[in-house]
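Q: For reference, the file start-v8.txt (compact mmCIF, C-alpha atoms and all ligand atoms) is included below:
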# COMPACT_ATOMS: atom_id res chain seq x y z
CA ILE A 1 8.41 -6.75 -15.49
CA ALA A 2 6.31 -3.67 -14.90
CA ILE A 3 5.41 -1.64 -17.98
CA ALA A 4 3.54 1.60 -18.61
CA THR A 5 0.36 1.46 -20.69
CA SER A 6 2.07 3.86 -23.13
CA GLN A 7 4.51 1.03 -23.96
CA LEU A 8 1.69 -1.09 -25.43
CA GLN A 9 1.18 -0.99 -29.18
CA GLY A 10 -1.48 -3.47 -30.27
CA LYS A 11 -0.09 -6.89 -29.36
CA GLN A 12 3.42 -5.54 -28.99
CA ILE A 13 5.26 -4.17 -25.97
CA LEU A 14 7.90 -1.53 -26.63
CA LEU A 15 10.57 -2.24 -24.01
CA THR A 16 12.85 0.39 -22.53
CA ILE A 17 16.62 -0.11 -22.86
CA GLU A 18 16.77 -0.98 -19.13
CA GLN A 19 13.97 -3.57 -19.42
CA TYR A 20 15.52 -5.17 -22.51
CA HIS A 21 18.90 -5.25 -20.79
CA TYR A 22 17.37 -6.86 -17.68
CA LEU A 23 15.55 -9.56 -19.67
CA ASN A 24 18.33 -10.23 -22.16
CA ARG A 25 21.53 -9.74 -20.17
CA VAL A 26 20.54 -10.30 -16.55
CA LEU A 27 17.88 -13.04 -16.96
CA ARG A 28 19.55 -14.26 -20.20
CA LEU A 29 16.25 -14.63 -22.08
CA LYS A 30 16.61 -15.20 -25.82
CA GLU A 31 14.28 -14.40 -28.68
CA GLY A 32 11.00 -16.30 -28.17
CA ASP A 33 11.55 -16.83 -24.42
CA ARG A 34 8.57 -15.85 -22.31
CA PHE A 35 8.18 -13.52 -19.37
CA ILE A 36 5.37 -11.80 -17.49
CA ALA A 37 4.56 -8.11 -17.91
CA MET A 38 2.22 -6.19 -15.61
CA ASP A 39 0.86 -2.67 -15.94
CA GLY A 40 0.37 -2.16 -12.19
CA LEU A 41 -3.30 -1.32 -12.77
CA GLY A 42 -4.60 -4.89 -12.69
CA THR A 43 -3.55 -6.50 -15.98
CA TRP A 44 -0.84 -9.12 -16.49
CA TRP A 45 0.34 -10.57 -19.81
CA LEU A 46 2.44 -13.51 -20.87
CA ALA A 47 4.86 -12.07 -23.45
CA ALA A 48 7.56 -13.43 -25.75
CA LEU A 49 10.81 -11.51 -26.18
CA GLU A 50 11.66 -10.31 -29.69
CA GLU A 51 14.75 -8.68 -31.08
CA ALA A 52 15.13 -4.91 -31.18
CA GLN A 53 13.67 -4.08 -27.79
CA THR A 54 10.16 -5.40 -28.34
CA ALA A 55 8.02 -8.27 -27.07
CA GLN A 56 4.91 -9.93 -28.43
CA ILE A 57 1.91 -10.41 -26.14
CA VAL A 58 0.99 -14.12 -26.09
CA GLU A 59 -2.06 -13.89 -23.81
CA GLN A 60 -3.57 -12.01 -20.93
CA ILE A 61 -3.26 -13.72 -17.55
CA ALA A 62 -6.06 -13.74 -14.99
CA VAL A 63 -4.63 -12.64 -11.64
CA GLN A 64 -6.88 -13.02 -8.61
CA THR A 65 -4.68 -12.05 -5.72
CA GLU A 66 -6.49 -8.89 -4.63
CA LEU A 67 -8.61 -8.54 -1.49
CA PRO A 68 -12.32 -7.77 -2.05
CA VAL A 69 -11.97 -4.63 0.09
CA THR A 70 -10.03 -1.51 -0.92
CA ILE A 71 -7.75 -0.39 1.91
CA THR A 72 -6.26 3.08 2.28
CA LEU A 73 -3.60 3.25 4.96
CA MET A 74 -2.89 6.66 6.42
CA ALA A 75 0.32 6.07 8.39
CA ALA A 76 2.29 8.73 10.26
CA LEU A 77 5.92 8.82 9.18
CA PRO A 78 8.20 7.09 11.69
CA LYS A 79 11.87 7.94 12.34
CA GLY A 80 14.66 6.94 9.94
CA ASN A 81 13.84 4.47 7.17
CA GLY A 82 11.01 2.78 9.11
CA PHE A 83 8.45 3.73 6.45
CA ASP A 84 10.25 1.47 3.93
CA ASP A 85 9.09 -1.55 5.95
CA VAL A 86 5.55 -0.16 6.27
CA VAL A 87 5.35 0.16 2.45
CA ARG A 88 6.93 -3.25 1.78
CA TYR A 89 4.92 -5.34 4.22
CA CYS A 90 1.59 -3.56 3.77
CA THR A 91 1.93 -4.03 -0.02
CA GLU A 92 2.44 -7.75 0.56
CA LEU A 93 -0.66 -7.76 2.77
CA GLY A 94 -2.90 -6.15 0.13
CA VAL A 95 -3.05 -2.38 0.78
CA SER A 96 -4.42 -0.29 -2.14
CA THR A 97 -3.21 3.20 -1.24
CA ILE A 98 -0.68 4.45 1.30
CA VAL A 99 -0.83 8.06 2.46
CA PRO A 100 2.36 9.09 4.35
CA ILE A 101 1.10 11.34 7.12
CA ILE A 102 2.83 14.35 8.63
CA SER A 103 1.20 14.47 12.06
CA ASP A 104 1.54 16.96 14.91
CA ARG A 105 4.29 14.79 16.44
CA THR A 106 6.04 13.77 13.22
CA LEU A 107 9.64 14.91 13.41
CA LEU A 108 10.63 14.90 9.78
CA ASN A 109 9.40 16.26 6.47
CA PRO A 110 10.66 13.76 3.87
CA SER A 111 12.51 14.67 0.69
CA PRO A 112 10.91 14.06 -2.76
CA GLN A 113 13.46 11.24 -3.27
CA LYS A 114 11.83 9.36 -0.40
CA LEU A 115 8.52 9.22 -2.28
CA GLU A 116 10.26 7.76 -5.35
CA ARG A 117 11.98 5.21 -3.10
CA TRP A 118 8.65 4.14 -1.50
CA GLN A 119 7.03 3.84 -4.95
CA ARG A 120 9.92 1.61 -6.07
CA ILE A 121 9.60 -0.54 -2.94
CA ALA A 122 5.83 -0.88 -3.53
CA LEU A 123 6.45 -1.96 -7.13
CA GLU A 124 9.03 -4.59 -6.12
CA ALA A 125 6.82 -5.90 -3.29
CA ALA A 126 3.77 -6.05 -5.61
CA GLU A 127 5.79 -8.02 -8.17
CA GLN A 128 7.16 -10.47 -5.64
CA SER A 129 3.79 -11.12 -3.98
CA GLU A 130 2.07 -11.37 -7.39
CA ARG A 131 -0.33 -8.52 -6.78
CA ALA A 132 -2.57 -7.56 -9.69
CA ILE A 133 -2.10 -3.88 -8.86
CA VAL A 134 0.75 -1.78 -7.53
CA PRO A 135 -0.44 0.29 -4.55
CA THR A 136 -0.43 4.05 -4.95
CA ILE A 137 1.85 5.95 -2.57
CA THR A 138 0.70 9.56 -2.39
CA PRO A 139 2.96 12.49 -1.53
CA PRO A 140 3.20 13.13 2.24
CA VAL A 141 0.34 15.23 3.57
CA THR A 142 -0.72 16.59 6.96
CA PHE A 143 -3.24 14.55 8.92
CA THR A 144 -5.78 17.41 9.00
CA LYS A 145 -5.63 17.81 5.21
CA SER A 146 -5.83 14.10 4.51
CA ILE A 147 -8.91 13.44 6.69
CA SER A 148 -10.75 16.25 4.91
CA THR A 149 -10.43 14.32 1.60
CA VAL A 150 -11.64 10.91 2.84
CA THR A 151 -14.80 9.67 1.13
CA ALA A 152 -14.89 6.05 2.35
CA THR A 153 -17.73 5.04 4.67
CA TYR A 154 -15.61 2.77 6.88
CA ARG A 155 -12.93 4.83 8.62
CA TYR A 156 -10.90 3.91 11.65
CA ILE A 157 -8.19 5.59 13.71
CA CYS A 158 -5.94 3.28 15.77
CA VAL A 159 -5.29 4.57 19.28
CA ALA A 160 -3.05 2.78 21.75
CA ARG A 161 -5.38 3.52 24.69
CA GLY A 162 -9.09 4.29 25.14
CA ALA A 163 -10.48 2.84 21.87
CA ASN A 164 -14.15 1.93 21.47
CA MET A 165 -13.37 -1.64 20.35
CA HIS A 166 -10.81 -3.88 18.65
CA LEU A 167 -10.38 -3.36 14.89
CA LYS A 168 -11.36 -7.00 14.31
CA LYS A 169 -14.75 -6.49 15.93
CA ALA A 170 -15.27 -3.11 14.23
CA ILE A 171 -14.84 -4.53 10.71
CA ASP A 172 -16.83 -7.73 11.27
CA SER A 173 -20.02 -6.17 9.89
CA VAL A 174 -18.34 -4.34 6.97
CA PRO A 175 -19.68 -5.64 3.60
CA LEU A 176 -17.29 -7.66 1.43
CA VAL A 177 -16.78 -5.06 -1.30
CA SER A 178 -16.06 -1.83 0.61
CA GLU A 179 -13.54 0.92 1.00
CA ILE A 180 -11.77 1.01 4.35
CA VAL A 181 -9.53 3.80 5.62
CA ILE A 182 -7.25 3.11 8.57
CA ALA A 183 -5.06 5.71 10.31
CA ILE A 184 -1.99 4.91 12.44
CA GLY A 185 -0.14 7.47 14.54
CA PRO A 186 3.56 8.26 15.03
CA GLU A 187 5.99 7.11 17.77
CA GLY A 188 4.69 9.75 20.18
CA GLY A 189 1.05 8.92 19.38
CA TRP A 190 -1.74 11.16 18.05
CA THR A 191 -2.45 14.45 19.82
CA THR A 192 -5.88 14.85 21.44
CA THR A 193 -6.71 17.46 18.79
CA GLU A 194 -5.95 15.00 15.98
CA ILE A 195 -8.14 12.30 17.53
CA GLU A 196 -10.95 14.81 18.02
CA LYS A 197 -10.69 16.01 14.42
CA ALA A 198 -10.81 12.43 13.19
CA THR A 199 -13.79 11.41 15.32
CA SER A 200 -15.65 14.56 14.28
CA THR A 201 -15.32 13.37 10.65
CA ASN A 202 -16.76 9.96 11.54
CA PHE A 203 -13.53 8.05 12.23
CA GLN A 204 -14.11 5.34 14.82
CA THR A 205 -11.32 4.80 17.40
CA VAL A 206 -10.10 1.19 17.36
CA SER A 207 -7.58 -0.92 19.26
CA LEU A 208 -5.05 -3.42 17.91
CA GLY A 209 -4.77 -5.20 21.25
CA LYS A 210 -3.56 -4.52 24.78
CA ARG A 211 0.13 -4.18 23.96
CA ILE A 212 1.52 -0.94 22.52
CA LEU A 213 2.97 -1.57 19.08
CA ARG A 214 5.72 0.42 17.42
CA ALA A 215 4.66 2.89 14.72
CA VAL A 216 6.12 0.50 12.12
CA THR A 217 4.50 -2.63 13.57
CA ALA A 218 0.98 -1.17 14.03
CA PRO A 219 0.18 -0.72 10.26
CA ILE A 220 1.36 -4.26 9.54
CA VAL A 221 -0.85 -5.66 12.32
CA ALA A 222 -3.84 -3.58 11.16
CA LEU A 223 -3.41 -4.80 7.56
CA SER A 224 -3.07 -8.41 8.77
CA VAL A 225 -6.34 -8.14 10.73
CA ILE A 226 -8.17 -6.67 7.72
CA ALA A 227 -6.70 -9.20 5.27
CA ALA A 228 -7.56 -12.13 7.57
CA THR A 229 -11.15 -10.87 7.89
CA PHE A 230 -11.80 -10.40 4.16
CA GLU A 231 -9.56 -13.00 2.50
CA GLU A 232 -11.75 -15.29 0.40
N1 LIG B 301 2.48 6.41 23.59
C1 LIG B 301 1.84 6.45 22.31
C2 LIG B 301 0.32 6.57 22.49
O1 LIG B 301 -0.15 6.38 23.60
O2 LIG B 301 -0.39 6.80 21.51
C3 LIG B 301 2.21 5.19 21.53
C4 LIG B 301 2.19 5.40 20.09
S1 LIG B 301 2.43 3.92 19.15
C5 LIG B 301 4.13 3.67 19.32
C6 LIG B 301 2.25 4.47 17.50
C7 LIG B 301 0.87 4.31 16.90
O3 LIG B 301 0.60 2.95 16.68
C8 LIG B 301 -0.29 4.82 17.73
O4 LIG B 301 -0.52 6.19 17.53
C9 LIG B 301 -1.45 3.98 17.22
O5 LIG B 301 -1.99 4.53 16.04
C10 LIG B 301 -0.77 2.67 16.88
N2 LIG B 301 -0.85 1.67 17.96
C11 LIG B 301 0.17 1.11 18.65
N3 LIG B 301 -0.28 0.19 19.49
C12 LIG B 301 -1.62 0.15 19.35
C13 LIG B 301 -2.66 -0.63 19.95
N4 LIG B 301 -2.40 -1.54 20.84
N5 LIG B 301 -3.92 -0.39 19.55
C14 LIG B 301 -4.20 0.54 18.59
N6 LIG B 301 -3.26 1.30 18.01
C15 LIG B 301 -1.99 1.10 18.37
Could you quickly redo this structure as structure tokens?
A:
Amino acid sequence: IAIATSQLQGKQILLTIEQYHYLNRVLRLKEGDRFIAMDGLGTWWLAALEEAQTAQIVEQIAVQTELPVTITLMAALPKGNGFDDVVRYCTELGVSTIVPIISDRTLLNPSPQKLERWQRIALEAAEQSERAIVPTITPPVTFTKSISTVTATYRYICVARGANMHLKKAIDSVPLVSEIVIAIGPEGGWTTTEIEKATSTNFQTVSLGKRILRAVTAPIVALSVIAATFEE
């Protein structure tokens, strides 16, 4: 289960009613039975259930499922619920931060409930793929604003046509412990102005191959290429 650091008290975890109910009623754990708790920031514990909504930490567990590189995905919001899949699959593939992008050709401006939904999906995907951390999903932001806040040295913008080189080749010389930012456009593609703004802030245009991928598929392919390059 995922817990907040505020729920830790020494070697004890103070469970919420929902967590206790899930462990006790749904999973049918009894007093003394063990389960795994994670704080979403990189620490996992083996814990034993107690009565009265608490659990005792047995030991810390070493989790080494993270990629050596830190990946920030800036992905333009696709139509409908397509972003759910982007969050789910990119979390499984090892993304660190996802920035939902409102681009010039993005049709919708999502409701605050959408952000909560994506954060929940990221948490569930991180748990199921045994990630040490839960990726951060930031509130949606315009592309122009988001590129002005990028500090990472290695920054790439995926363009369906006219890229300098394939992403795979571009990241080949990136050192093992680095921060990478990768931007993916919407269904209608980036506008020329957006690509110019990105390249003027040192984003390199990259390709994901000769076939045009859907706005939902492209982030998953980009993450797969990065993960395959840096996986140890
Ligand atoms: N007609 C649009 C265009 O020419 O940009 C297609 C947009 S595509 C459906 C959505 C986004 O996925 C693109 O903006 C780009 O970021 C990414 N993408 C799709 N296929 C790609 C490819 N083969 N190489 C690089 N990026 C790609």
Q: Which residues are near ligand LIG 301 (chain B) - at most 7 Å, using all atoms listed in the file? Format: as a list in words.
A: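 Taking all atoms listed in the file into account, the residues around ligand LIG 301 (chain B) at most 7 Å away are Ile157, Cys158, Val159, Ala160, Arg161, Ala183, Ile184, Gly185, Pro186, Glu187, Gly188, Gly189, Trp190, Val206, Ser207, Leu208, Gly209, Lys210, Arg211, Ile212, Leu213, Arg214, Ala215 and Ala218 of chain A.
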Q: Give me the residues near region 96-112 of chain A as a CSV table (one decimal) with C-alpha atoms, in the frame of the given file, where near means some atom within 6 Å (using all atoms listed in the file) and where sequence neighbours in that chain fewer than 6 positions away do not count.
A:
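As a result, part_16.csv now contains:
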chain,number,residue,atom,x,y,z
A,70,THR,CA,-10.0,-1.5,-0.9
A,71,ILE,CA,-7.8,-0.4,1.9
A,72,THR,CA,-6.3,3.1,2.3
A,73,LEU,CA,-3.6,3.2,5.0
A,74,MET,CA,-2.9,6.7,6.4
A,75,ALA,CA,0.3,6.1,8.4
A,76,ALA,CA,2.3,8.7,10.3
A,77,LEU,CA,5.9,8.8,9.2
A,135,PRO,CA,-0.4,0.3,-4.6
A,136,THR,CA,-0.4,4.0,-5.0
A,137,ILE,CA,1.8,6.0,-2.6
A,138,THR,CA,0.7,9.6,-2.4
A,140,PRO,CA,3.2,13.1,2.2
A,141,VAL,CA,0.3,15.2,3.6
A,142,THR,CA,-0.7,16.6,7.0
A,143,PHE,CA,-3.2,14.6,8.9
Q: Rank A:Glu51, A:Ala228, A:Trp44, A:Ser178 by their smallest atom-to-atom distance to Gly32 (chain A), using only C-alpha atoms, and report the top residue only.
A: A:Glu51
Q: If I take CA of Ala52 (chain A) and CA of Asp39 (chain A), how far is one from the other in Å, to one decimal?
A: 21.0 Å
Q: Which one is closest to Ser200 (chain A): A:Lys11, A:Arg155, A:Lys79, A:Arg120? Count only C-alpha atoms.
A: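 Of all the options, A:Arg155 lies closest to Ser200 (chain A).
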Q: Let me make sure I understand: among A:Leu41, A:Val69, A:Ile1, A:Leu14, which one has the smallest atom-to-atom distance to Pro175 (chain A) if we use all atoms listed in the file?
A: A:Val69
Q: Hey, which of A:Pro78, A:Gly42, A:Gly162, A:Pro219 ends up closest to Cys90 (chain A)? Count all atoms listed in the file.
A: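 Closest to Cys90 (chain A), using all atoms listed in the file: A:Pro219.
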